[in-house]
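Here is the structure we will look at, set down as structure tokens.
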Amino acid sequence: MEMTKFKQSLFRLAEALHTGQARKLLVMAGSFLAGLVCSRGLMFGKYAPFGVAAAASVPREGLWAGALGAFLGYLLPSPVYVPVRYAAALVAVTAIRWSLSELKSVNSHPLFAPGAAFLPLLLTGMTMVFLNGSISYTAALYVAESFLGAGSAYFLSRTSGILAGQEGLPRPGLYDSGDLTALTVSLGLGVLSFSQISVMGVSAGRVMMVLLVLTCARAGGISGGAVAGVAAGAVQGLSTAGLSYLSGAYGLGGLMAGVFAPMGKTAAAIAFVISHGVASLQVGSGNTQILTGAVEVAAATVFYMFLPKSRRIGELFGLRADSLSGGALRGNIVLRLRCAAQALNSVSASVEEISKKLSTVCAPNLQGVYNKATETVCAGCALGTVCWRKYKDQTLENFAQLSQALKEKERLETCDFTKEFSDRCCRAGEMRDEVNKNYARYLLKESAELRTAQVREVVEEHFRTTAGILEEMAGEFSLYERFDEEAAQRVAGILRENGVTPLEVCCRVDKYGRMTIEAEIGRERQKRLNRSAFTREISAACGRVFSPPCVSTAEDRCRIQMCQRPLLEVGRGFSQYCAGGGAFCGDSTNVFYDGGGRLIAVLSDGMGTGGRAAVDGAMTSAMAESLLKAGIGFDSMLQTVNSALLAKSGDESLATMDVACVDLFTGRTEFRKAGAACTVVRRGRRSEVIEASSVPVGIMPGVEFASYQRDLNSGDLVVMVSDGVVASGCEWLVDLVMAWEEDENPNLLAQQITEEARKRRADGHEDDVTALVLVLQ
């Protein structure tokens, strides 16, 4: 229980440190500590190149802090030879990094940090040679020191990059052997600074080094023990010439401890002690180094026996090949295609249901209008034989001339009959009403046939849309670098612990190192998840900080999607006014996360006002959300929604669609418009109106978005509005957006926009008014 609380505290701390300012302070503090600690480590007993290497490898934000820490470390008393030389090297390293800081292609190169450390160390070393007239052996030591400093800078720089790329805690199972070696060497250089602290020849640093090797061997097995042993032996072997046997002792001990690690911690410790003893025999009998080395190993072993086993350290050594697993790939493809198919089926089912209702309306042709009217009215009439036998030609002529009046007015009046027919027929009024009723059915049939022709065109569009969907999914799959099956098993276990039975779970990592989790569960007999607690458990299991899950449903399945917590968040403000104070608004908005690190806002404006417009607007925005959550791209989504509106009824049905998609990792924002009003974007103290001529959905096949992209940062503002807001222009809207202060509630800005839009409407008409405000934070 206490361990669980401790883990939760760690993740709360990680989330608190997620802000940019806190991360910057953390980088500066870590860089200062790295420079201070590394500068205390020695090689050959009197050279200390590691502080200079640390200053060359810390992140850019921590350059000055790292240099200051190393400078203070060199000033503290130590056996280091000529500390002023290293101060000069630090100045040179800082100058090199600062002068080249704008050249990203240079300072991001893997060899930049080694080069920045090598040149100052070599030049200051050669200066000492010329000043003191040193012998060639000393010059060779300076050259060796320069190369060792450059190598250390490479490992420290790689470790810095690994740590800087983490969000929260280290990510398990994502490192190759080079990364693990860099981490181990960097930790060894830090431990090396404690080697000078000794009691009766027993070094605290070497005790810590043995403890590190034993811990890695226990957690990582053969790979962990071998990597840690060789790295520790290399670091300690070069630190003091008299203890060079440690290179073999630590390497052999780490390897054997890893071999016997599956048998328990005691077996691993005994294997290390024996291996260390065998390697130390090369020093010779009677040497005090054997005794001090044995004491150091014994002390480290005692501490090691009391250490609890760390599952997270073991996961770091759980190397997996960066290849796609056939089972995981199959499962993920099936999952995504199934979700897309279910979303398309729901749209198809709605269209089919409406089409069936439409097909039940059966109207006759134009001649049939008159035939059905006479069958109904003239049946049982005593004068029927007179009209249809004695005066048949006159009766048929009367009906023939009605066609022109019907086409012009779409209905008949009594005066449209001939005088002879009106005088003779005692049921002229009934005949008029029956003809009007049957002609209305006839018009409906004609309209239905026209809509059928349109639907045929839409069918072709469906094929193109489906092909686009598959192509978009193929492009998305190409971004996947790795499928983490072990993480998927842990996620499935957490779902079961929460009373939810998973049908399929997939954890994938894209080329940017971001993990996305997708899970599909049945909707029957499932417990309700506590989203915050579930998110914390998933974050702890995967070693990453995740955002709350995005949940979508289709038929009897429920889909859960989670991605790593992005850098940005979005505050929202919303205000809406229904035309005439009515109960239905033709504007509809949906704001949601797609589960992949993007926030999507959809604003749809149905044609006109009232209930009909509300249906069109709500249907458009709801279908857009459903399809986008299912993983369908924007262009394919637009074609699908457009086809649905074209086919849903015989009446004209159209709506605008305005979409803003914010990538919360990068700030890249896409604006897509189909007949929509303008969007106001405020970046810093500059504003921009994004508008385009485009066609609403539901008018014709082949509708396309007008698309734009902008890079936004924290504090930037996006204001989406409906047509009713900009009926009197948008200049006042820009002024209102620019006057808004960042510390104000975005809801207040949305309310101001709707109120001002109502006041400025001067054409005597009312329209629905909607304002949606998005603030990046």
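Each chain in the structure tokens gets a letter, A, B, ..., in the order shown, and its residues are numbered from 1; ligands are numbered from 1 in order too.
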* To do: Please provide as a ChimeraX atom specification all residues within 6 Å of region 575-590 of chain A, with the sequence filter that same-chain residues fewer than 3 positions apart are discarded (counting only C-alpha atoms).
  => /A:601-606,609-611,613-614,617-618,750-751,766-771
Mind writing the picked residues with C-alpha atoms as an mmCIF file, in the first residue's frame?
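Full text of again18.cif as output:
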data_model
loop_
_atom_site.group_PDB
_atom_site.id
_atom_site.type_symbol
_atom_site.label_atom_id
_atom_site.label_comp_id
_atom_site.auth_asym_id
_atom_site.auth_seq_id
_atom_site.Cartn_x
_atom_site.Cartn_y
_atom_site.Cartn_z
ATOM 1 C CA ALA A 601 -13.403 21.461 -32.789
ATOM 2 C CA VAL A 602 -16.307 21.171 -35.257
ATOM 3 C CA LEU A 603 -18.865 23.956 -35.810
ATOM 4 C CA SER A 604 -21.777 23.294 -38.169
ATOM 5 C CA ASP A 605 -24.483 25.770 -39.245
ATOM 6 C CA GLY A 606 -27.665 24.245 -40.670
ATOM 7 C CA THR A 609 -33.272 28.582 -38.429
ATOM 8 C CA GLY A 610 -35.489 26.461 -36.244
ATOM 9 C CA GLY A 611 -35.949 22.721 -35.960
ATOM 10 C CA ALA A 613 -31.726 23.709 -39.336
ATOM 11 C CA ALA A 614 -31.044 22.208 -35.892
ATOM 12 C CA GLY A 617 -26.431 21.091 -37.989
ATOM 13 C CA ALA A 618 -26.529 18.469 -35.242
ATOM 14 C CA ALA A 750 -17.581 34.240 -26.253
ATOM 15 C CA GLN A 751 -20.482 35.988 -24.506
ATOM 16 C CA GLU A 766 -32.386 37.299 -37.040
ATOM 17 C CA ASP A 767 -30.028 34.347 -37.305
ATOM 18 C CA ASP A 768 -28.566 31.837 -34.895
ATOM 19 C CA VAL A 769 -25.376 33.151 -33.292
ATOM 20 C CA THR A 770 -22.558 30.929 -31.984
ATOM 21 C CA ALA A 771 -19.032 31.725 -30.770
#
If you run DSSP on the backbone, which residues of region 86-208 of chain A are alpha helix (DSSP H), as a tab-separated table (two decimals) with N, CA, C and O atoms, in the first residue's frame?
chain	number	residue	atom	x	y	z
A	86	TYR	N	41.76	23.62	-16.03
A	86	TYR	CA	40.41	23.15	-16.32
A	86	TYR	C	39.41	24.31	-16.33
A	86	TYR	O	38.41	24.27	-17.06
A	87	ALA	N	39.68	25.35	-15.51
A	87	ALA	CA	38.83	26.54	-15.57
A	87	ALA	C	38.92	27.19	-16.94
A	87	ALA	O	37.92	27.63	-17.52
A	88	ALA	N	40.16	27.25	-17.49
A	88	ALA	CA	40.33	27.81	-18.83
A	88	ALA	C	39.62	26.94	-19.87
A	88	ALA	O	39.01	27.45	-20.83
A	89	ALA	N	39.72	25.61	-19.72
A	89	ALA	CA	39.03	24.72	-20.66
A	89	ALA	C	37.51	24.91	-20.59
A	89	ALA	O	36.82	24.85	-21.61
A	90	LEU	N	36.98	25.15	-19.39
A	90	LEU	CA	35.55	25.39	-19.23
A	90	LEU	C	35.12	26.66	-19.97
A	90	LEU	O	34.07	26.69	-20.63
A	91	VAL	N	35.94	27.70	-19.87
A	91	VAL	CA	35.63	28.94	-20.59
A	91	VAL	C	35.60	28.68	-22.09
A	91	VAL	O	34.72	29.16	-22.81
A	92	ALA	N	36.56	27.90	-22.59
A	92	ALA	CA	36.61	27.60	-24.02
A	92	ALA	C	35.40	26.78	-24.46
A	92	ALA	O	34.80	27.05	-25.52
A	93	VAL	N	35.03	25.78	-23.65
A	93	VAL	CA	33.85	24.96	-23.99
A	93	VAL	C	32.59	25.81	-24.05
A	93	VAL	O	31.77	25.71	-24.97
A	94	THR	N	32.43	26.67	-23.04
A	94	THR	CA	31.25	27.53	-22.99
A	94	THR	C	31.21	28.47	-24.20
A	94	THR	O	30.15	28.69	-24.80
A	95	ALA	N	32.37	29.02	-24.56
A	95	ALA	CA	32.43	29.93	-25.71
A	95	ALA	C	32.08	29.20	-27.00
A	95	ALA	O	31.35	29.73	-27.86
A	96	ILE	N	32.59	27.99	-27.16
A	96	ILE	CA	32.29	27.21	-28.38
A	96	ILE	C	30.80	26.92	-28.49
A	96	ILE	O	30.17	27.12	-29.53
A	97	ARG	N	30.20	26.44	-27.40
A	97	ARG	CA	28.79	26.08	-27.44
A	97	ARG	C	27.91	27.31	-27.62
A	97	ARG	O	26.91	27.28	-28.35
A	98	TRP	N	28.25	28.42	-26.96
A	98	TRP	CA	27.43	29.63	-27.07
A	98	TRP	C	27.51	30.22	-28.47
A	98	TRP	O	26.50	30.65	-29.04
A	99	SER	N	28.69	30.26	-29.06
A	99	SER	CA	28.85	30.85	-30.39
A	99	SER	C	28.18	30.01	-31.48
A	99	SER	O	27.77	30.54	-32.51
A	104	LYS	N	21.78	24.65	-35.51
A	104	LYS	CA	21.19	23.42	-35.00
A	104	LYS	C	21.77	22.18	-35.67
A	104	LYS	O	21.93	21.14	-35.04
A	105	SER	N	22.10	22.30	-36.95
A	105	SER	CA	22.66	21.14	-37.64
A	105	SER	C	24.03	20.76	-37.10
A	105	SER	O	24.47	19.62	-37.22
A	106	VAL	N	24.73	21.74	-36.48
A	106	VAL	CA	26.05	21.48	-35.92
A	106	VAL	C	25.96	20.99	-34.48
A	106	VAL	O	26.49	19.92	-34.13
A	107	ASN	N	25.26	21.76	-33.63
A	107	ASN	CA	25.24	21.38	-32.22
A	107	ASN	C	24.34	20.19	-31.91
A	107	ASN	O	24.34	19.69	-30.79
A	112	PHE	N	29.42	16.63	-31.80
A	112	PHE	CA	29.65	18.02	-31.39
A	112	PHE	C	30.15	18.10	-29.95
A	112	PHE	O	31.14	18.78	-29.66
A	113	ALA	N	29.47	17.40	-29.03
A	113	ALA	CA	29.90	17.44	-27.62
A	113	ALA	C	31.30	16.86	-27.44
A	113	ALA	O	32.13	17.46	-26.75
A	114	PRO	N	31.63	15.69	-28.04
A	114	PRO	CA	33.01	15.21	-27.92
A	114	PRO	C	34.04	16.19	-28.47
A	114	PRO	O	35.11	16.39	-27.89
A	115	GLY	N	33.72	16.81	-29.61
A	115	GLY	CA	34.66	17.78	-30.17
A	115	GLY	C	34.82	19.00	-29.30
A	115	GLY	O	35.94	19.53	-29.13
A	116	ALA	N	33.69	19.49	-28.73
A	116	ALA	CA	33.76	20.67	-27.86
A	116	ALA	C	34.56	20.39	-26.60
A	116	ALA	O	35.15	21.32	-26.01
A	117	ALA	N	34.61	19.14	-26.13
A	117	ALA	CA	35.42	18.79	-24.97
A	117	ALA	C	36.87	18.49	-25.34
A	117	ALA	O	37.80	18.82	-24.61
A	118	PHE	N	37.08	17.85	-26.50
A	118	PHE	CA	38.42	17.41	-26.89
A	118	PHE	C	39.36	18.60	-27.16
A	118	PHE	O	40.50	18.63	-26.66
A	119	LEU	N	38.91	19.56	-27.94
A	119	LEU	CA	39.80	20.66	-28.33
A	119	LEU	C	40.28	21.48	-27.14
A	119	LEU	O	41.50	21.71	-27.01
A	120	PRO	N	39.43	21.96	-26.22
A	120	PRO	CA	39.94	22.72	-25.08
A	120	PRO	C	40.89	21.90	-24.21
A	120	PRO	O	41.90	22.42	-23.71
A	121	LEU	N	40.56	20.62	-23.97
A	121	LEU	CA	41.45	19.78	-23.14
A	121	LEU	C	42.81	19.60	-23.81
A	121	LEU	O	43.86	19.68	-23.16
A	122	LEU	N	42.80	19.35	-25.11
A	122	LEU	CA	44.07	19.14	-25.82
A	122	LEU	C	44.90	20.42	-25.86
A	122	LEU	O	46.12	20.40	-25.61
A	123	LEU	N	44.26	21.55	-26.18
A	123	LEU	CA	45.01	22.80	-26.30
A	123	LEU	C	45.58	23.25	-24.96
A	123	LEU	O	46.74	23.69	-24.87
A	124	THR	N	44.79	23.14	-23.89
A	124	THR	CA	45.32	23.53	-22.58
A	124	THR	C	46.40	22.56	-22.11
A	124	THR	O	47.37	22.95	-21.46
A	125	GLY	N	46.23	21.27	-22.46
A	125	GLY	CA	47.27	20.30	-22.09
A	125	GLY	C	48.57	20.56	-22.82
A	125	GLY	O	49.66	20.51	-22.22
A	126	MET	N	48.49	20.85	-24.12
A	126	MET	CA	49.72	21.14	-24.86
A	126	MET	C	50.36	22.44	-24.40
A	126	MET	O	51.59	22.59	-24.43
A	127	THR	N	49.52	23.38	-23.97
A	127	THR	CA	50.08	24.61	-23.40
A	127	THR	C	50.91	24.31	-22.16
A	127	THR	O	51.99	24.88	-21.96
A	128	MET	N	50.40	23.41	-21.31
A	128	MET	CA	51.16	23.01	-20.12
A	128	MET	C	52.47	22.33	-20.51
A	128	MET	O	53.51	22.51	-19.85
A	129	VAL	N	52.46	21.55	-21.57
A	129	VAL	CA	53.67	20.87	-22.03
A	129	VAL	C	54.72	21.90	-22.44
A	129	VAL	O	55.89	21.82	-22.07
A	130	PHE	N	54.31	22.91	-23.21
A	130	PHE	CA	55.26	23.91	-23.69
A	130	PHE	C	55.77	24.80	-22.56
A	130	PHE	O	56.93	25.21	-22.55
A	131	LEU	N	54.87	25.10	-21.59
A	131	LEU	CA	55.30	25.96	-20.49
A	131	LEU	C	56.27	25.26	-19.56
A	131	LEU	O	57.22	25.88	-19.04
A	132	ASN	N	56.04	24.01	-19.29
A	132	ASN	CA	56.85	23.28	-18.32
A	132	ASN	C	57.97	22.47	-18.96
A	132	ASN	O	58.77	21.87	-18.25
A	136	SER	N	57.88	13.63	-23.18
A	136	SER	CA	56.88	13.09	-24.12
A	136	SER	C	55.85	12.23	-23.43
A	136	SER	O	54.70	12.15	-23.87
A	137	TYR	N	56.22	11.56	-22.32
A	137	TYR	CA	55.25	10.72	-21.61
A	137	TYR	C	54.10	11.57	-21.06
A	137	TYR	O	52.93	11.20	-21.14
A	138	THR	N	54.44	12.71	-20.49
A	138	THR	CA	53.40	13.60	-19.96
A	138	THR	C	52.51	14.12	-21.09
A	138	THR	O	51.29	14.24	-20.94
A	139	ALA	N	53.14	14.46	-22.22
A	139	ALA	CA	52.34	14.91	-23.37
A	139	ALA	C	51.38	13.81	-23.82
A	139	ALA	O	50.22	14.09	-24.18
A	140	ALA	N	51.83	12.56	-23.78
A	140	ALA	CA	50.96	11.45	-24.16
A	140	ALA	C	49.79	11.33	-23.19
A	140	ALA	O	48.66	11.00	-23.59
A	141	LEU	N	50.05	11.59	-21.89
A	141	LEU	CA	48.96	11.55	-20.91
A	141	LEU	C	47.92	12.63	-21.19
A	141	LEU	O	46.71	12.39	-21.05
A	142	TYR	N	48.39	13.82	-21.59
A	142	TYR	CA	47.44	14.89	-21.92
A	142	TYR	C	46.59	14.50	-23.14
A	142	TYR	O	45.39	14.78	-23.18
A	143	VAL	N	47.22	13.89	-24.12
A	143	VAL	CA	46.46	13.46	-25.30
A	143	VAL	C	45.44	12.39	-24.91
A	143	VAL	O	44.28	12.42	-25.33
A	144	ALA	N	45.88	11.41	-24.09
A	144	ALA	CA	44.96	10.36	-23.63
A	144	ALA	C	43.81	10.97	-22.83
A	144	ALA	O	42.65	10.55	-22.95
A	145	GLU	N	44.13	11.97	-21.99
A	145	GLU	CA	43.08	12.64	-21.21
A	145	GLU	C	42.07	13.31	-22.14
A	145	GLU	O	40.85	13.27	-21.89
A	146	SER	N	42.57	13.94	-23.21
A	146	SER	CA	41.67	14.63	-24.15
A	146	SER	C	40.71	13.64	-24.82
A	146	SER	O	39.51	13.89	-24.94
A	147	PHE	N	41.25	12.49	-25.25
A	147	PHE	CA	40.40	11.48	-25.88
A	147	PHE	C	39.40	10.90	-24.87
A	147	PHE	O	38.24	10.65	-25.20
A	148	LEU	N	39.87	10.68	-23.63
A	148	LEU	CA	38.95	10.15	-22.62
A	148	LEU	C	37.86	11.17	-22.29
A	148	LEU	O	36.69	10.80	-22.10
A	149	GLY	N	38.21	12.46	-22.25
A	149	GLY	CA	37.19	13.48	-22.03
A	149	GLY	C	36.19	13.54	-23.16
A	149	GLY	O	34.98	13.70	-22.93
A	150	ALA	N	36.68	13.38	-24.41
A	150	ALA	CA	35.76	13.38	-25.55
A	150	ALA	C	34.82	12.18	-25.50
A	150	ALA	O	33.61	12.30	-25.76
A	151	GLY	N	35.37	10.99	-25.16
A	151	GLY	CA	34.51	9.82	-25.04
A	151	GLY	C	33.48	9.97	-23.95
A	151	GLY	O	32.30	9.60	-24.11
A	152	SER	N	33.91	10.53	-22.81
A	152	SER	CA	32.96	10.76	-21.72
A	152	SER	C	31.88	11.74	-22.13
A	152	SER	O	30.69	11.58	-21.78
A	153	ALA	N	32.28	12.78	-22.89
A	153	ALA	CA	31.28	13.76	-23.36
A	153	ALA	C	30.26	13.10	-24.27
A	153	ALA	O	29.07	13.44	-24.24
A	154	TYR	N	30.68	12.14	-25.09
A	154	TYR	CA	29.74	11.43	-25.96
A	154	TYR	C	28.69	10.68	-25.13
A	154	TYR	O	27.49	10.79	-25.38
A	155	PHE	N	29.17	9.91	-24.13
A	155	PHE	CA	28.23	9.15	-23.31
A	155	PHE	C	27.34	10.07	-22.48
A	155	PHE	O	26.13	9.83	-22.34
A	156	LEU	N	27.90	11.14	-21.92
A	156	LEU	CA	27.10	12.08	-21.14
A	156	LEU	C	26.08	12.80	-22.02
A	156	LEU	O	24.94	13.04	-21.60
A	157	SER	N	26.47	13.15	-23.25
A	157	SER	CA	25.55	13.81	-24.16
A	157	SER	C	24.40	12.88	-24.54
A	157	SER	O	23.24	13.30	-24.61
A	158	ARG	N	24.73	11.61	-24.78
A	158	ARG	CA	23.67	10.65	-25.12
A	158	ARG	C	22.73	10.43	-23.94
A	158	ARG	O	21.51	10.36	-24.11
A	159	THR	N	23.29	10.37	-22.74
A	159	THR	CA	22.44	10.26	-21.55
A	159	THR	C	21.58	11.49	-21.38
A	159	THR	O	20.39	11.41	-21.03
A	160	SER	N	22.15	12.66	-21.62
A	160	SER	CA	21.39	13.91	-21.52
A	160	SER	C	20.23	13.92	-22.49
A	160	SER	O	19.11	14.34	-22.16
A	161	GLY	N	20.47	13.44	-23.72
A	161	GLY	CA	19.39	13.38	-24.69
A	161	GLY	C	18.30	12.41	-24.29
A	161	GLY	O	17.12	12.67	-24.49
A	162	ILE	N	18.70	11.27	-23.68
A	162	ILE	CA	17.70	10.29	-23.23
A	162	ILE	C	16.83	10.89	-22.13
A	162	ILE	O	15.60	10.80	-22.16
A	163	LEU	N	17.47	11.53	-21.15
A	163	LEU	CA	16.72	12.09	-20.03
A	163	LEU	C	15.87	13.28	-20.46
A	163	LEU	O	14.77	13.48	-19.97
A	164	ALA	N	16.40	14.10	-21.37
A	164	ALA	CA	15.65	15.27	-21.83
A	164	ALA	C	14.43	14.87	-22.64
A	164	ALA	O	13.46	15.61	-22.73
A	177	SER	N	21.41	-1.28	-26.65
A	177	SER	CA	22.58	-1.52	-25.82
A	177	SER	C	23.45	-0.27	-25.70
A	177	SER	O	24.08	-0.03	-24.66
A	178	GLY	N	23.49	0.56	-26.76
A	178	GLY	CA	24.26	1.80	-26.68
A	178	GLY	C	23.70	2.76	-25.66
A	178	GLY	O	24.45	3.42	-24.91
A	179	ASP	N	22.37	2.86	-25.59
A	179	ASP	CA	21.75	3.73	-24.59
A	179	ASP	C	22.06	3.25	-23.18
A	179	ASP	O	22.37	4.04	-22.29
A	180	LEU	N	21.95	1.93	-22.96
A	180	LEU	CA	22.22	1.39	-21.63
A	180	LEU	C	23.68	1.58	-21.24
A	180	LEU	O	23.99	1.88	-20.08
A	181	THR	N	24.59	1.43	-22.20
A	181	THR	CA	26.00	1.67	-21.90
A	181	THR	C	26.23	3.12	-21.53
A	181	THR	O	26.98	3.43	-20.59
A	182	ALA	N	25.59	4.05	-22.27
A	182	ALA	CA	25.74	5.47	-21.96
A	182	ALA	C	25.21	5.78	-20.56
A	182	ALA	O	25.86	6.53	-19.79
A	183	LEU	N	24.05	5.23	-20.22
A	183	LEU	CA	23.49	5.46	-18.88
A	183	LEU	C	24.41	4.91	-17.80
A	183	LEU	O	24.65	5.56	-16.78
A	184	THR	N	24.94	3.71	-18.02
A	184	THR	CA	25.81	3.09	-17.02
A	184	THR	C	27.12	3.84	-16.86
A	184	THR	O	27.59	4.08	-15.74
A	185	VAL	N	27.75	4.22	-17.98
A	185	VAL	CA	29.01	4.97	-17.91
A	185	VAL	C	28.80	6.31	-17.24
A	185	VAL	O	29.61	6.74	-16.41
A	186	SER	N	27.69	6.99	-17.58
A	186	SER	CA	27.41	8.29	-16.96
A	186	SER	C	27.21	8.15	-15.46
A	186	SER	O	27.72	8.96	-14.67
A	187	LEU	N	26.50	7.11	-15.05
A	187	LEU	CA	26.32	6.88	-13.62
A	187	LEU	C	27.66	6.52	-12.97
A	187	LEU	O	27.95	6.94	-11.84
A	188	GLY	N	28.48	5.77	-13.69
A	188	GLY	CA	29.81	5.43	-13.16
A	188	GLY	C	30.68	6.66	-12.98
A	188	GLY	O	31.44	6.76	-12.00
A	189	LEU	N	30.61	7.62	-13.91
A	189	LEU	CA	31.38	8.86	-13.77
A	189	LEU	C	30.93	9.66	-12.56
A	189	LEU	O	31.74	10.30	-11.88
A	190	GLY	N	29.60	9.60	-12.29
A	190	GLY	CA	29.12	10.27	-11.09
A	190	GLY	C	29.61	9.60	-9.82
A	190	GLY	O	30.03	10.27	-8.86
A	191	VAL	N	29.60	8.27	-9.82
A	191	VAL	CA	30.08	7.53	-8.65
A	191	VAL	C	31.59	7.71	-8.48
A	191	VAL	O	32.11	7.68	-7.36
A	192	LEU	N	32.28	7.92	-9.59
A	192	LEU	CA	33.74	8.06	-9.53
A	192	LEU	C	34.17	9.22	-8.64
A	192	LEU	O	35.24	9.18	-8.03
A	204	ALA	N	34.63	4.78	-0.80
A	204	ALA	CA	33.17	4.81	-0.86
A	204	ALA	C	32.69	4.72	-2.31
A	204	ALA	O	31.66	4.10	-2.61
A	205	GLY	N	33.45	5.33	-3.22
A	205	GLY	CA	33.07	5.28	-4.64
A	205	GLY	C	33.09	3.87	-5.19
A	205	GLY	O	32.20	3.47	-5.94
A	206	ARG	N	34.14	3.10	-4.84
A	206	ARG	CA	34.20	1.73	-5.36
A	206	ARG	C	33.14	0.84	-4.72
A	206	ARG	O	32.64	-0.08	-5.36
A	207	VAL	N	32.78	1.12	-3.48
A	207	VAL	CA	31.67	0.38	-2.85
A	207	VAL	C	30.38	0.65	-3.63
A	207	VAL	O	29.60	-0.28	-3.93
A	208	MET	N	30.15	1.90	-3.96
A	208	MET	CA	28.95	2.25	-4.73
A	208	MET	C	28.98	1.63	-6.12
A	208	MET	O	27.95	1.21	-6.65
* What is the distance between CA of Arg411 (chain A) and CA of Met607 (chain A), in Å to one decimal? -> 27.7 Å
* Got a sec: who's within 8 Å of region 502-506 of chain A, counting only C-alpha atoms, leaving out chain neighbours fewer than 2 positions off, as a list in words? -> Ala328, Gly331, Asn332, Leu335, Phe483, Asp484, Glu485, Ala488, Gln489, Val491, Ala492, Leu495, Arg496, Val500, Arg508, Ile517, Glu518, Ala519, Glu520, Ile521 and Gly522 of chain A
* To do: May I ask which of the residues A:Arg85, A:Arg710, A:Arg682, A:Lys419 is the closest one to Val662 (chain A), counting only C-alpha atoms?
  =>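 For Val662 (chain A), the nearest of the given residues is A:Arg710.
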* To do: Please identify all polymer residues within 8 Å of region 30-41 of chain A, counting only C-alpha atoms, omitting same-chain residues fewer than 5 positions from it, and present them as a PyMOL selection string.
  => chain A and resi 48-52+54-55+58-59+62-63+65-74+78+189-190+192-195+239
Include C-alpha atoms and write out the residues we just selected as a PDB file, in the first residue's frame.
ATOM      1  CA  ALA A  48      39.982  15.493 -14.118  1.00  0.00           C
ATOM      2  CA  PRO A  49      38.553  15.897 -17.644  1.00  0.00           C
ATOM      3  CA  PHE A  50      35.030  14.814 -16.717  1.00  0.00           C
ATOM      4  CA  GLY A  51      33.817  18.243 -15.529  1.00  0.00           C
ATOM      5  CA  VAL A  52      34.755  19.721 -18.908  1.00  0.00           C
ATOM      6  CA  ALA A  54      29.852  17.476 -18.531  1.00  0.00           C
ATOM      7  CA  ALA A  55      29.854  21.161 -19.533  1.00  0.00           C
ATOM      8  CA  VAL A  58      24.490  19.205 -20.794  1.00  0.00           C
ATOM      9  CA  PRO A  59      21.362  20.553 -22.574  1.00  0.00           C
ATOM     10  CA  GLY A  62      21.651  24.119 -18.591  1.00  0.00           C
ATOM     11  CA  LEU A  63      24.922  25.256 -20.229  1.00  0.00           C
ATOM     12  CA  ALA A  65      24.545  26.060 -14.785  1.00  0.00           C
ATOM     13  CA  GLY A  66      26.676  23.067 -15.818  1.00  0.00           C
ATOM     14  CA  ALA A  67      29.759  25.229 -16.388  1.00  0.00           C
ATOM     15  CA  LEU A  68      29.282  26.932 -13.004  1.00  0.00           C
ATOM     16  CA  GLY A  69      28.909  23.579 -11.234  1.00  0.00           C
ATOM     17  CA  ALA A  70      32.077  22.224 -12.862  1.00  0.00           C
ATOM     18  CA  PHE A  71      33.984  25.422 -12.018  1.00  0.00           C
ATOM     19  CA  LEU A  72      33.036  25.172  -8.355  1.00  0.00           C
ATOM     20  CA  GLY A  73      33.967  21.480  -8.362  1.00  0.00           C
ATOM     21  CA  TYR A  74      37.452  22.265  -9.655  1.00  0.00           C
ATOM     22  CA  SER A  78      41.454  17.736  -4.575  1.00  0.00           C
ATOM     23  CA  LEU A 189      31.383   8.855 -13.766  1.00  0.00           C
ATOM     24  CA  GLY A 190      29.116  10.270 -11.088  1.00  0.00           C
ATOM     25  CA  LEU A 192      33.741   8.064  -9.535  1.00  0.00           C
ATOM     26  CA  SER A 193      33.705  11.400  -7.711  1.00  0.00           C
ATOM     27  CA  PHE A 194      33.212   9.526  -4.428  1.00  0.00           C
ATOM     28  CA  SER A 195      36.342   7.448  -4.960  1.00  0.00           C
ATOM     29  CA  SER A 239      40.930   6.300 -12.357  1.00  0.00           C
TER      30      SER A 239
END
* Smallest atom-to-atom distance to Ala655 (chain A): which of A:Thr516, A:Thr620, A:Ser722, A:Ser714, using only C-alpha atoms? -> A:Thr620
* Quick one: pull the distance between CA of Phe671 (chain A) and CA of Asn745 (chain A), Å, one decimal. =>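 Going from CA of Phe671 (chain A) over to CA of Asn745 (chain A) covers 23.6 Å.
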* Asked: Which is closest to Arg612 (chain A) among A:Asn438, A:Pro746, A:Leu654, A:Val27, if we use only C-alpha atoms?
  ->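 Result for the nearest residue to Arg612 (chain A): A:Leu654.
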* Check the smallest atom-to-atom distance from each of A:Glu569, A:Asp433, A:Glu704, A:Glu102 to Thr414 (chain A) using only C-alpha atoms, then report the winner. =>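 Once distances to Thr414 (chain A) are computed over only C-alpha atoms, the minimum belongs to A:Asp433.
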* To do: Using DSSP on the backbone coordinates, identify the residues of region 528-687 of chain A assigned to strand (DSSP E); present them as a PyMOL selection string.
  => chain A and resi 550-554+557-563+570-577+587-593+598-606+655-663+668-674+679-683+686-687
* Shell around Val695 (chain A) at 10 Å using only C-alpha atoms, local window under 3 positions removed, as a VMD selection string -> chain A and resid 654 to 657 673 to 676 692 698 to 700 702 to 706
* Between CA of Ser108 (chain A) and CA of Ala53 (chain A), what is the distance, to one decimal in Å? ->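 Distance between the two atoms: 15.9 Å.
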